[in-house]
$ cat final08.csv   # CSV, C-alpha atoms
chain,number,residue,atom,x,y,z
A,11,MET,CA,260.7,-21.5,-255.9
A,12,THR,CA,263.7,-19.2,-255.8
A,13,SER,CA,263.8,-15.9,-253.8
A,14,ALA,CA,263.8,-14.0,-257.0
A,15,GLU,CA,260.6,-15.6,-258.2
A,16,ILE,CA,258.9,-14.9,-254.8
A,17,THR,CA,259.9,-11.3,-255.0
A,18,ALA,CA,258.6,-11.0,-258.6
A,19,GLN,CA,255.3,-12.6,-257.6
A,20,SER,CA,254.7,-10.3,-254.6
A,21,ALA,CA,255.6,-7.3,-256.7
A,22,ASP,CA,253.2,-8.4,-259.4
A,23,PRO,CA,250.6,-10.7,-257.8
A,24,HIS,CA,248.3,-10.7,-260.8
A,25,HIS,CA,251.0,-11.2,-263.5
A,26,LEU,CA,250.1,-7.9,-265.1
A,27,GLY,CA,253.5,-7.7,-266.7
A,28,HIS,CA,253.4,-11.3,-268.0
A,29,GLY,CA,250.5,-11.1,-270.3
A,30,ASP,CA,249.5,-14.3,-271.9
A,31,HIS,CA,247.6,-13.2,-274.9
A,32,LYS,CA,244.9,-15.9,-274.6
A,33,ARG,CA,244.2,-15.4,-270.9
A,34,ALA,CA,243.6,-11.7,-270.9
A,35,PRO,CA,239.9,-10.8,-270.9
A,36,GLY,CA,240.6,-7.1,-270.2
A,37,ARG,CA,239.9,-6.9,-266.5
A,38,GLY,CA,243.4,-7.1,-265.3
A,39,VAL,CA,243.4,-10.9,-265.1
A,40,GLY,CA,246.3,-12.4,-267.0
A,41,GLY,CA,247.7,-9.0,-268.1
A,42,PRO,CA,246.7,-6.4,-270.6
A,43,ALA,CA,243.9,-7.4,-273.0
A,44,SER,CA,244.7,-8.0,-276.6
A,45,LYS,CA,244.4,-5.0,-278.9
A,46,ARG,CA,241.4,-6.6,-280.6
A,47,ILE,CA,239.4,-6.6,-277.3
A,48,VAL,CA,240.4,-3.1,-276.4
A,49,VAL,CA,239.6,-1.7,-279.9
A,50,GLY,CA,236.2,-3.6,-279.9
A,51,TYR,CA,235.5,-2.1,-276.4
A,52,GLY,CA,236.3,1.4,-277.5
A,53,PHE,CA,234.2,1.2,-280.6
A,54,TRP,CA,231.4,-0.3,-278.6
A,55,ILE,CA,231.5,2.8,-276.4
A,56,PHE,CA,231.3,5.0,-279.5
A,57,LEU,CA,228.3,3.0,-280.7
A,58,LEU,CA,226.5,3.4,-277.3
A,59,SER,CA,227.1,7.1,-277.4
A,60,ASP,CA,225.6,7.1,-280.9
A,61,ILE,CA,222.6,5.2,-279.6
A,62,VAL,CA,222.3,7.8,-276.7
A,63,MET,CA,222.2,10.5,-279.4
A,64,PHE,CA,219.5,8.6,-281.2
A,65,SER,CA,217.5,8.3,-278.0
A,66,GLY,CA,217.3,12.1,-277.9
A,67,PHE,CA,215.8,12.1,-281.4
A,68,PHE,CA,213.4,9.2,-280.4
A,69,ALA,CA,212.3,11.3,-277.4
A,70,ALA,CA,211.7,14.3,-279.6
A,71,TYR,CA,209.7,12.3,-282.1
A,72,ALA,CA,207.6,10.6,-279.3
A,73,VAL,CA,206.8,14.0,-277.7
A,74,LEU,CA,206.0,15.7,-281.1
A,75,HIS,CA,204.1,12.9,-282.7
A,76,ASP,CA,200.7,14.6,-282.3
A,77,ALA,CA,202.0,18.1,-283.0
A,78,THR,CA,200.9,18.0,-286.6
A,79,ALA,CA,199.8,21.7,-286.8
A,80,GLY,CA,196.7,20.8,-288.8
A,81,GLY,CA,198.9,18.9,-291.4
A,82,PRO,CA,198.9,15.2,-292.3
A,83,THR,CA,199.2,12.7,-289.5
A,84,SER,CA,201.4,9.6,-289.3
A,85,ALA,CA,198.5,7.4,-290.1
A,86,GLN,CA,197.8,9.2,-293.4
A,87,LEU,CA,201.4,9.3,-294.5
A,88,PHE,CA,203.2,6.0,-293.6
A,89,ASP,CA,203.2,3.0,-295.9
A,90,VAL,CA,203.9,-0.1,-293.8
A,91,ARG,CA,204.6,-2.2,-296.9
A,92,ASN,CA,207.5,0.0,-297.9
A,93,THR,CA,208.8,-0.2,-294.4
A,94,ALA,CA,208.6,-4.0,-294.4
A,95,ILE,CA,210.7,-4.1,-297.6
A,96,GLU,CA,213.2,-1.7,-296.1
A,97,THR,CA,213.4,-3.9,-293.0
A,98,ALA,CA,214.0,-7.0,-295.1
A,99,LEU,CA,216.7,-5.3,-297.1
A,100,LEU,CA,218.6,-4.1,-294.0
A,101,LEU,CA,218.3,-7.4,-292.2
A,102,ALA,CA,219.6,-9.2,-295.3
A,103,SER,CA,222.5,-6.7,-295.5
A,104,SER,CA,223.3,-7.3,-291.8
A,105,PHE,CA,223.4,-11.1,-292.4
A,106,ALA,CA,225.6,-10.7,-295.5
A,107,CYS,CA,228.0,-8.5,-293.4
A,108,GLY,CA,228.1,-11.4,-290.9
A,109,LEU,CA,229.0,-13.8,-293.7
A,110,ALA,CA,231.8,-11.3,-294.7
A,111,SER,CA,233.2,-11.5,-291.1
A,112,LEU,CA,233.2,-15.2,-291.3
A,113,ALA,CA,235.0,-15.1,-294.6
A,114,VAL,CA,237.5,-12.7,-293.0
A,115,ASP,CA,238.1,-15.1,-290.2
A,116,ALA,CA,238.7,-17.9,-292.7
A,117,ARG,CA,241.0,-15.5,-294.7
A,118,LYS,CA,239.2,-16.1,-298.0
A,119,PRO,CA,239.5,-12.8,-300.0
A,120,ILE,CA,237.1,-13.7,-302.8
A,121,TRP,CA,234.3,-14.6,-300.4
A,122,VAL,CA,235.0,-11.4,-298.3
A,123,HIS,CA,234.6,-9.2,-301.3
A,124,ALA,CA,231.6,-11.1,-302.6
A,125,ALA,CA,229.8,-10.9,-299.2
A,126,LEU,CA,230.7,-7.2,-298.9
A,127,ALA,CA,229.3,-6.6,-302.4
A,128,VAL,CA,226.0,-8.3,-301.4
A,129,THR,CA,226.0,-6.2,-298.2
A,130,PHE,CA,226.5,-3.0,-300.2
A,131,VAL,CA,223.8,-3.8,-302.7
A,132,PHE,CA,221.2,-4.4,-300.0
A,133,GLY,CA,222.3,-1.4,-298.0
A,134,PHE,CA,222.2,0.8,-301.1
A,135,ALA,CA,218.7,-0.5,-302.0
A,136,PHE,CA,217.6,0.5,-298.5
A,137,VAL,CA,218.9,4.0,-298.8
A,138,GLY,CA,217.3,4.3,-302.2
A,139,LEU,CA,213.9,3.2,-300.9
A,140,GLU,CA,214.2,5.7,-298.1
A,141,ALA,CA,215.2,8.5,-300.4
A,142,ARG,CA,212.2,7.7,-302.6
A,143,GLU,CA,209.9,7.7,-299.6
A,144,PHE,CA,211.3,11.1,-298.5
A,145,ALA,CA,210.9,12.6,-302.0
A,146,ASP,CA,207.4,11.3,-302.1
A,147,LEU,CA,206.5,12.9,-298.8
A,148,VAL,CA,208.0,16.2,-299.8
A,149,ALA,CA,206.1,16.1,-303.1
A,150,ARG,CA,202.9,15.6,-301.2
A,151,GLY,CA,203.5,18.7,-299.2
A,152,ALA,CA,204.6,16.8,-296.1
A,153,GLY,CA,208.2,18.0,-296.0
A,154,PRO,CA,210.2,18.6,-292.8
A,155,SER,CA,209.0,22.2,-292.5
A,156,ARG,CA,205.3,21.3,-292.5
A,157,SER,CA,204.9,20.5,-288.8
A,158,ALA,CA,206.9,19.7,-285.7
A,159,PHE,CA,205.9,16.1,-286.1
A,160,LEU,CA,207.4,16.0,-289.6
A,161,SER,CA,210.5,17.8,-288.5
A,162,ALA,CA,211.1,15.2,-285.8
A,163,PHE,CA,210.3,12.4,-288.3
A,164,PHE,CA,212.8,13.6,-290.9
A,165,THR,CA,215.5,14.2,-288.3
A,166,LEU,CA,215.2,10.8,-286.7
A,167,VAL,CA,214.8,8.7,-289.9
A,168,GLY,CA,217.1,10.9,-291.9
A,169,CYS,CA,219.8,10.6,-289.3
A,170,HIS,CA,219.6,6.8,-289.5
A,171,GLY,CA,219.7,7.1,-293.3
A,172,LEU,CA,222.8,9.3,-293.1
A,173,HIS,CA,224.4,6.7,-290.8
A,174,VAL,CA,223.7,3.9,-293.4
A,175,SER,CA,225.1,6.1,-296.2
A,176,ALA,CA,228.2,6.7,-294.2
A,177,GLY,CA,228.4,3.0,-293.6
A,178,LEU,CA,228.2,2.3,-297.3
A,179,LEU,CA,231.2,4.7,-297.9
A,180,TRP,CA,233.1,3.0,-295.1
A,181,MET,CA,232.3,-0.4,-296.7
A,182,LEU,CA,233.9,0.7,-300.0
A,183,THR,CA,237.1,1.9,-298.3
A,184,MET,CA,237.1,-1.3,-296.1
A,185,SER,CA,236.9,-3.4,-299.3
A,186,ALA,CA,239.7,-1.4,-300.9
A,187,GLN,CA,241.9,-1.7,-297.8
A,188,LEU,CA,241.4,-5.5,-297.6
A,189,PHE,CA,242.2,-5.7,-301.3
A,190,ALA,CA,245.3,-3.5,-301.2
A,191,LYS,CA,246.7,-4.4,-297.8
A,192,GLY,CA,245.4,-8.0,-297.2
A,193,PHE,CA,244.5,-9.5,-293.8
A,194,ARG,CA,246.9,-7.3,-291.7
A,195,ALA,CA,246.1,-7.2,-288.0
A,196,ASP,CA,245.2,-3.5,-288.1
A,197,ILE,CA,243.0,-4.0,-291.1
A,198,LEU,CA,241.2,-6.9,-289.3
A,199,ARG,CA,240.5,-4.6,-286.3
A,200,ARG,CA,239.1,-1.9,-288.7
A,201,PHE,CA,236.9,-4.6,-290.2
A,202,LEU,CA,235.7,-5.6,-286.8
A,203,CYS,CA,234.7,-2.0,-286.1
A,204,PHE,CA,232.9,-1.7,-289.4
A,205,SER,CA,230.9,-4.9,-288.8
A,206,LEU,CA,229.9,-3.7,-285.3
A,207,PHE,CA,228.8,-0.4,-286.9
A,208,TRP,CA,226.7,-2.1,-289.6
A,209,HIS,CA,225.0,-4.5,-287.1
A,210,ALA,CA,224.3,-1.6,-284.7
A,211,LEU,CA,222.5,0.3,-287.5
A,212,ASP,CA,220.1,-2.6,-287.8
A,213,ILE,CA,219.4,-2.4,-284.0
A,214,ILE,CA,218.4,1.3,-284.4
A,215,TRP,CA,216.3,0.4,-287.4
A,216,VAL,CA,214.3,-2.1,-285.3
A,217,ALA,CA,213.4,0.7,-282.9
A,218,ILE,CA,212.5,3.0,-285.8
A,219,PHE,CA,210.2,0.6,-287.6
A,220,THR,CA,208.5,-0.3,-284.4
A,221,LEU,CA,208.1,3.1,-282.7
A,222,VAL,CA,207.8,5.3,-285.9
A,223,TYR,CA,206.1,3.2,-288.6
A,224,LEU,CA,204.1,0.4,-286.8
A,225,PHE,CA,203.0,2.7,-284.0
A,226,GLY,CA,202.3,5.6,-286.4
A,227,ALA,CA,200.4,3.6,-289.0
A,228,LYS,CA,197.8,2.6,-286.5
A,229,PRO,CA,194.8,5.0,-286.6
B,11,MET,CA,248.3,-24.4,-255.1
B,12,SER,CA,249.0,-20.7,-255.3
B,13,GLU,CA,246.3,-18.1,-255.8
B,14,THR,CA,247.2,-17.5,-259.5
B,15,GLU,CA,247.3,-21.2,-260.3
B,16,ARG,CA,243.9,-21.8,-258.8
B,17,ARG,CA,242.4,-18.9,-260.7
B,18,ALA,CA,243.9,-20.2,-263.9
B,19,SER,CA,242.5,-23.6,-263.5
B,20,ALA,CA,239.1,-22.4,-262.4
B,21,GLU,CA,238.7,-20.2,-265.5
B,22,PRO,CA,239.6,-21.9,-268.8
B,23,LEU,CA,239.6,-18.6,-270.6
B,24,GLU,CA,241.0,-20.1,-273.8
B,25,THR,CA,237.7,-21.7,-274.6
B,26,ASP,CA,235.6,-18.7,-273.7
B,27,LEU,CA,235.1,-17.5,-277.2
B,28,ALA,CA,231.9,-15.8,-278.3
B,29,PRO,CA,229.8,-17.8,-280.8
B,30,GLY,CA,231.1,-16.8,-284.2
B,31,ASP,CA,234.0,-14.9,-282.6
B,32,GLU,CA,237.4,-14.8,-284.2
B,33,GLY,CA,239.3,-17.9,-283.1
B,34,ASP,CA,243.0,-18.3,-283.2
B,35,GLY,CA,243.2,-18.8,-286.9
B,36,SER,CA,241.0,-21.8,-286.9
B,37,THR,CA,239.3,-22.4,-290.2
B,38,ASP,CA,236.2,-24.2,-288.7
B,39,LEU,CA,233.5,-21.9,-290.0
B,40,LEU,CA,230.5,-24.1,-289.2
B,41,PRO,CA,229.8,-22.8,-285.6
B,42,GLY,CA,230.0,-19.2,-286.8
B,43,LEU,CA,227.7,-19.8,-289.7
B,44,ARG,CA,225.3,-21.6,-287.5
B,45,GLY,CA,225.2,-18.6,-285.1
B,46,TYR,CA,224.5,-16.2,-287.9
B,47,LEU,CA,221.8,-18.5,-289.3
B,48,ILE,CA,220.1,-18.9,-285.9
B,49,GLY,CA,220.2,-15.1,-285.5
B,50,LEU,CA,218.8,-14.5,-289.0
B,51,GLY,CA,216.0,-17.0,-288.3
B,52,LEU,CA,215.0,-15.5,-285.0
B,53,ALA,CA,215.2,-11.9,-286.4
B,54,VAL,CA,213.0,-12.8,-289.4
B,55,LEU,CA,210.5,-14.5,-287.0
B,56,LEU,CA,210.3,-11.5,-284.7
B,57,THR,CA,210.1,-9.0,-287.6
B,58,VAL,CA,207.3,-11.0,-289.3
B,59,ALA,CA,205.4,-11.1,-286.0
B,60,SER,CA,205.8,-7.4,-285.5
B,61,PHE,CA,204.5,-6.5,-289.0
B,62,THR,CA,201.5,-9.0,-289.0
B,63,LEU,CA,200.4,-8.5,-285.4
B,64,PRO,CA,198.6,-5.1,-285.8
B,65,GLY,CA,196.5,-6.4,-288.7
B,66,THR,CA,195.2,-9.4,-286.7
B,67,SER,CA,192.9,-9.9,-283.8
B,68,LEU,CA,195.3,-12.3,-282.0
B,69,ILE,CA,196.0,-9.8,-279.3
B,70,TRP,CA,193.5,-7.5,-277.5
B,71,GLY,CA,193.7,-4.2,-279.3
B,72,PRO,CA,195.1,-1.9,-276.6
B,73,GLY,CA,197.8,-4.5,-275.8
B,74,ILE,CA,199.3,-4.4,-279.3
B,75,PRO,CA,201.7,-1.5,-278.6
B,76,VAL,CA,203.1,-3.5,-275.6
B,77,ALA,CA,203.5,-6.6,-277.7
B,78,LEU,CA,205.3,-4.6,-280.4
B,79,ILE,CA,207.7,-3.1,-277.8
B,80,VAL,CA,208.4,-6.6,-276.4
B,81,LEU,CA,209.0,-8.0,-279.9
B,82,ALA,CA,211.4,-5.1,-280.7
B,83,ILE,CA,213.4,-5.5,-277.5
B,84,ALA,CA,213.6,-9.3,-278.1
B,85,GLN,CA,214.9,-8.6,-281.6
B,86,MET,CA,217.5,-6.1,-280.3
B,87,GLY,CA,218.6,-8.8,-278.0
B,88,VAL,CA,218.9,-11.3,-280.8
B,89,HIS,CA,221.0,-8.8,-282.8
B,90,LEU,CA,223.3,-8.2,-279.8
B,91,VAL,CA,223.9,-11.8,-279.1
B,92,PHE,CA,224.1,-13.4,-282.6
B,93,PHE,CA,225.4,-10.5,-284.7
B,94,LEU,CA,227.4,-8.3,-282.3
B,95,HIS,CA,228.5,-11.3,-280.3
B,96,LEU,CA,227.8,-9.8,-276.9
B,97,THR,CA,228.3,-12.7,-274.4
B,98,THR,CA,228.8,-13.3,-270.7
B,99,ALA,CA,232.4,-14.4,-271.4
B,100,PRO,CA,235.1,-12.7,-269.3
B,101,ASP,CA,236.3,-10.7,-272.3
B,102,ASN,CA,232.9,-9.2,-272.7
B,103,THR,CA,232.2,-8.0,-269.1
B,104,ASN,CA,233.3,-4.5,-269.9
B,105,ASN,CA,231.0,-4.4,-273.0
B,106,VAL,CA,228.0,-5.7,-271.0
B,107,LEU,CA,228.6,-3.1,-268.3
B,108,ALA,CA,228.9,-0.3,-270.9
B,109,LEU,CA,225.7,-1.6,-272.5
B,110,ALA,CA,223.9,-1.5,-269.2
B,111,PHE,CA,224.9,2.1,-268.7
B,112,GLY,CA,223.8,3.0,-272.2
B,113,VAL,CA,220.4,1.4,-271.6
B,114,LEU,CA,220.1,3.4,-268.4
B,115,ILE,CA,220.8,6.7,-270.2
B,116,VAL,CA,218.5,5.8,-273.1
B,117,ALA,CA,215.6,4.9,-270.7
B,118,LEU,CA,216.2,8.1,-268.7
B,119,VAL,CA,216.1,10.3,-271.8
B,120,ILE,CA,213.1,8.7,-273.5
B,121,PHE,CA,210.8,8.0,-270.5
B,122,GLY,CA,212.0,11.2,-268.7
B,123,SER,CA,211.0,13.3,-271.8
B,124,LEU,CA,207.7,11.6,-272.2
B,125,TRP,CA,206.9,11.9,-268.5
B,126,ILE,CA,207.8,15.6,-268.3
B,127,MET,CA,206.1,16.6,-271.5
B,128,SER,CA,202.9,14.8,-270.7
B,129,ASN,CA,202.9,16.4,-267.3
B,130,LEU,CA,203.4,19.9,-268.9
B,131,ASN,CA,200.6,19.2,-271.4
B,132,ALA,CA,198.2,18.2,-268.6
B,133,ASN,CA,199.0,21.3,-266.7
B,134,MET,CA,198.9,23.6,-269.7
B,135,MET,CA,196.0,26.0,-269.9
B,136,PRO,CA,193.8,25.7,-273.0
B,137,ASP,CA,194.7,28.1,-275.8
B,138,ALA,CA,191.6,30.2,-275.4
B,139,ALA,CA,192.2,30.8,-271.7
B,140,MET,CA,195.9,31.7,-272.5
B,141,SER,CA,195.1,34.3,-275.1
B,142,GLY,CA,192.3,35.7,-272.9
B,143,MET,CA,194.7,36.1,-270.0
B,144,SER,CA,197.4,37.9,-272.1
B,145,MET,CA,194.8,40.3,-273.4
B,146,HIS,CA,193.7,41.0,-269.9
B,147,GLY,CA,197.2,41.6,-268.9
B,148,MET,CA,197.6,44.3,-271.5
$ encode --input "final08.csv" --output "structure tokens"
Amino acid sequence: MTSAEITAQSADPHHLGHGDHKRAPGRGVGGPASKRIVVGYGFWIFLLSDIVMFSGFFAAYAVLHDATAGGPTSAQLFDVRNTAIETALLLASSFACGLASLAVDARKPIWVHAALAVTFVFGFAFVGLEAREFADLVARGAGPSRSAFLSAFFTLVGCHGLHVSAGLLWMLTMSAQLFAKGFRADILRRFLCFSLFWHALDIIWVAIFTLVYLFGAKP
Amino acid sequence: MSETERRASAEPLETDLAPGDEGDGSTDLLPGLRGYLIGLGLAVLLTVASFTLPGTSLIWGPGIPVALIVLAIAQMGVHLVFFLHLTTAPDNTNNVLALAFGVLIVALVIFGSLWIMSNLNANMMPDAAMSGMSMHGM
């Protein structure tokens, strides 16, 4: 080992300046992490902050569940069959999104767009069912202004529905970008963020169908 | 053997890819597809269990909410591992730590709110006593 190498090693014992792309997990070992890992981490932190925001709505709903102000209760309003269909739609959509990620990894444009189309159809059907449920509740005089319980319900479930709707718009732009710009590195990172977002929505829905619908439907 | 050499040989990071994670342009899709299929199967199983459990007498009635919560947490775990590809690999340490912090905040917000509000409700005077007192005050 030459003296120059020894000096370089002592100045940079962990080879931070000599990043080997494959050996950088993002903890300083082997140099700076790849952009893909950093972007995924940043977006994961956004998703967690979103989940923390939802936890506030969940807490409000749990506290106000019995504050019906003489109006209809959750057991009188909720239709578990409808919720089961919505759950199946969102899970199928999440799976199709996973298939789209696989197709992106394999760089197969036709399969990417086909899988994204299936993802969109299932997601859109989910939003449609939820909109129908909301319209039905409002028509029965159980709108968000009826009681604190219904305000909390519409805020929590409606916020998730807005997230899914935003995800649908994002999916369209993602599909257009993949079509127009191809599998560029930055487009691949955006697609990674989109797939994380879509799968995280399904996680929040698991909490909603358990804590809101299954708990609420019991007398 | 120097310190860096030893570390490099002890951690073969090249192979520490999450199931279904993007490889280095490899076109072998089968492991990824298998991961998503296992995830879908487990999620369907847990969802069906959640929806059918309240209508059956398989579980002692008052225990059903606990069972539903356990099933929900299990399904969230399935989604995290098989769909979001959260693993114990070195490139995921930061993500797991962030998740742990998120879970802590969520638990504090939800259980803290429930605890405080039930305590307030228990200490609240009944409505009749409240209105009687305010009249007396006037």
$ residues_near_point --input "final08.csv" --point "(209.8, 14.1, -278.2)" --cutoff "9 Å" --atoms "only C-alpha atoms" --output "PyMOL selection string"
(chain A and resi 66-75+162) or (chain B and resi 120+123-124+127)
$ atom_distance --input "final08.csv" --atom1 "CA of Val131 in chain A" --atom2 "CA of Ile218 in chain A"
21.4 Å
$ closest_atom_pairs --input "final08.csv" --of "range 31-138 of chain B" --to "range 80-103 of chain A" --cutoff "8 Å" --atoms "only C-alpha atoms" --output "CSV"
residue,atom,partner,partner_atom,distance
B:Leu50,CA,A:Leu101,CA,7.8
B:Ala53,CA,A:Leu101,CA,8.0
B:Phe61,CA,A:Ala94,CA,7.2
$ atom_distance --input "final08.csv" --atom1 "CA of Ile74 in chain B" --atom2 "CA of Leu118 in chain B"
23.5 Å
$ atom_distance --input "final08.csv" --atom1 "CA of Phe219 in chain A" --atom2 "CA of Ala77 in chain B"
14.0 Å
$ closest_residue --input "final08.csv" --among "B:Asn131, B:His89, B:Arg44, B:Thr97" --to "chain A" --atoms "all atoms listed in the file"
B:His89
$ residues_around --input "final08.csv" --residues "Asp38 in chain B" --least-positions-apart "4" --cutoff "10 Å" --atoms "only C-alpha atoms" --output "JSON, numbers by chain"
{"A": [112, 115, 116], "B": [33, 42, 43]}
$ closest_residue --input "final08.csv" --among "A:Val62, A:Cys169, A:Val148, A:Leu188" --to "chain B" --atoms "only C-alpha atoms"
A:Val62
$ closest_residue --input "final08.csv" --among "A:Ala190, A:Val128, A:Ala210, A:Ala217" --to "Gly177 in chain A" --atoms "only C-alpha atoms"
A:Ala210
$ residues_around --input "final08.csv" --residues "Val116 in chain B" --least-positions-apart "2" --cutoff "10 Å" --atoms "all atoms listed in the file" --output "number ranges by chain"
A: 58-59, 61-66, 68-69; B: 110-114, 118-122
$ closest_residue --input "final08.csv" --among "B:Ala84, B:Ala132, B:Leu39, B:Val91" --to "chain A" --atoms "all atoms listed in the file"
B:Leu39
$ build_atoms --input "final08.csv" --residues "range 115-126 of chain B" --atoms "N, CA and C atoms" --output "PDB file, in the frame of the given file"
ATOM      1  N   ILE B 115     220.864   5.322-269.672  1.00  0.00           N
ATOM      2  CA  ILE B 115     220.800   6.700-270.200  1.00  0.00           C
ATOM      3  C   ILE B 115     219.621   6.804-271.199  1.00  0.00           C
ATOM      4  N   VAL B 116     219.537   5.803-272.096  1.00  0.00           N
ATOM      5  CA  VAL B 116     218.500   5.800-273.100  1.00  0.00           C
ATOM      6  C   VAL B 116     217.104   5.846-272.429  1.00  0.00           C
ATOM      7  N   ALA B 117     216.931   4.998-271.413  1.00  0.00           N
ATOM      8  CA  ALA B 117     215.600   4.900-270.700  1.00  0.00           C
ATOM      9  C   ALA B 117     215.351   6.260-270.028  1.00  0.00           C
ATOM     10  N   LEU B 118     216.369   6.856-269.390  1.00  0.00           N
ATOM     11  CA  LEU B 118     216.200   8.100-268.700  1.00  0.00           C
ATOM     12  C   LEU B 118     215.732   9.206-269.715  1.00  0.00           C
ATOM     13  N   VAL B 119     216.425   9.279-270.855  1.00  0.00           N
ATOM     14  CA  VAL B 119     216.100  10.300-271.800  1.00  0.00           C
ATOM     15  C   VAL B 119     214.718  10.151-272.385  1.00  0.00           C
ATOM     16  N   ILE B 120     214.370   8.918-272.812  1.00  0.00           N
ATOM     17  CA  ILE B 120     213.100   8.700-273.500  1.00  0.00           C
ATOM     18  C   ILE B 120     211.929   8.811-272.499  1.00  0.00           C
ATOM     19  N   PHE B 121     211.987   8.026-271.421  1.00  0.00           N
ATOM     20  CA  PHE B 121     210.800   8.000-270.500  1.00  0.00           C
ATOM     21  C   PHE B 121     210.779   9.338-269.721  1.00  0.00           C
ATOM     22  N   GLY B 122     211.959   9.921-269.413  1.00  0.00           N
ATOM     23  CA  GLY B 122     212.000  11.200-268.700  1.00  0.00           C
ATOM     24  C   GLY B 122     211.293  12.281-269.598  1.00  0.00           C
ATOM     25  N   SER B 123     211.652  12.325-270.899  1.00  0.00           N
ATOM     26  CA  SER B 123     211.000  13.300-271.800  1.00  0.00           C
ATOM     27  C   SER B 123     209.544  13.128-271.873  1.00  0.00           C
ATOM     28  N   LEU B 124     209.123  11.860-272.078  1.00  0.00           N
ATOM     29  CA  LEU B 124     207.700  11.600-272.200  1.00  0.00           C
ATOM     30  C   LEU B 124     206.946  11.998-270.963  1.00  0.00           C
ATOM     31  N   TRP B 125     207.513  11.655-269.813  1.00  0.00           N
ATOM     32  CA  TRP B 125     206.900  11.900-268.500  1.00  0.00           C
ATOM     33  C   TRP B 125     206.727  13.445-268.328  1.00  0.00           C
ATOM     34  N   ILE B 126     207.838  14.165-268.498  1.00  0.00           N
ATOM     35  CA  ILE B 126     207.800  15.600-268.300  1.00  0.00           C
ATOM     36  C   ILE B 126     206.873  16.303-269.235  1.00  0.00           C
TER      37      ILE B 126
END
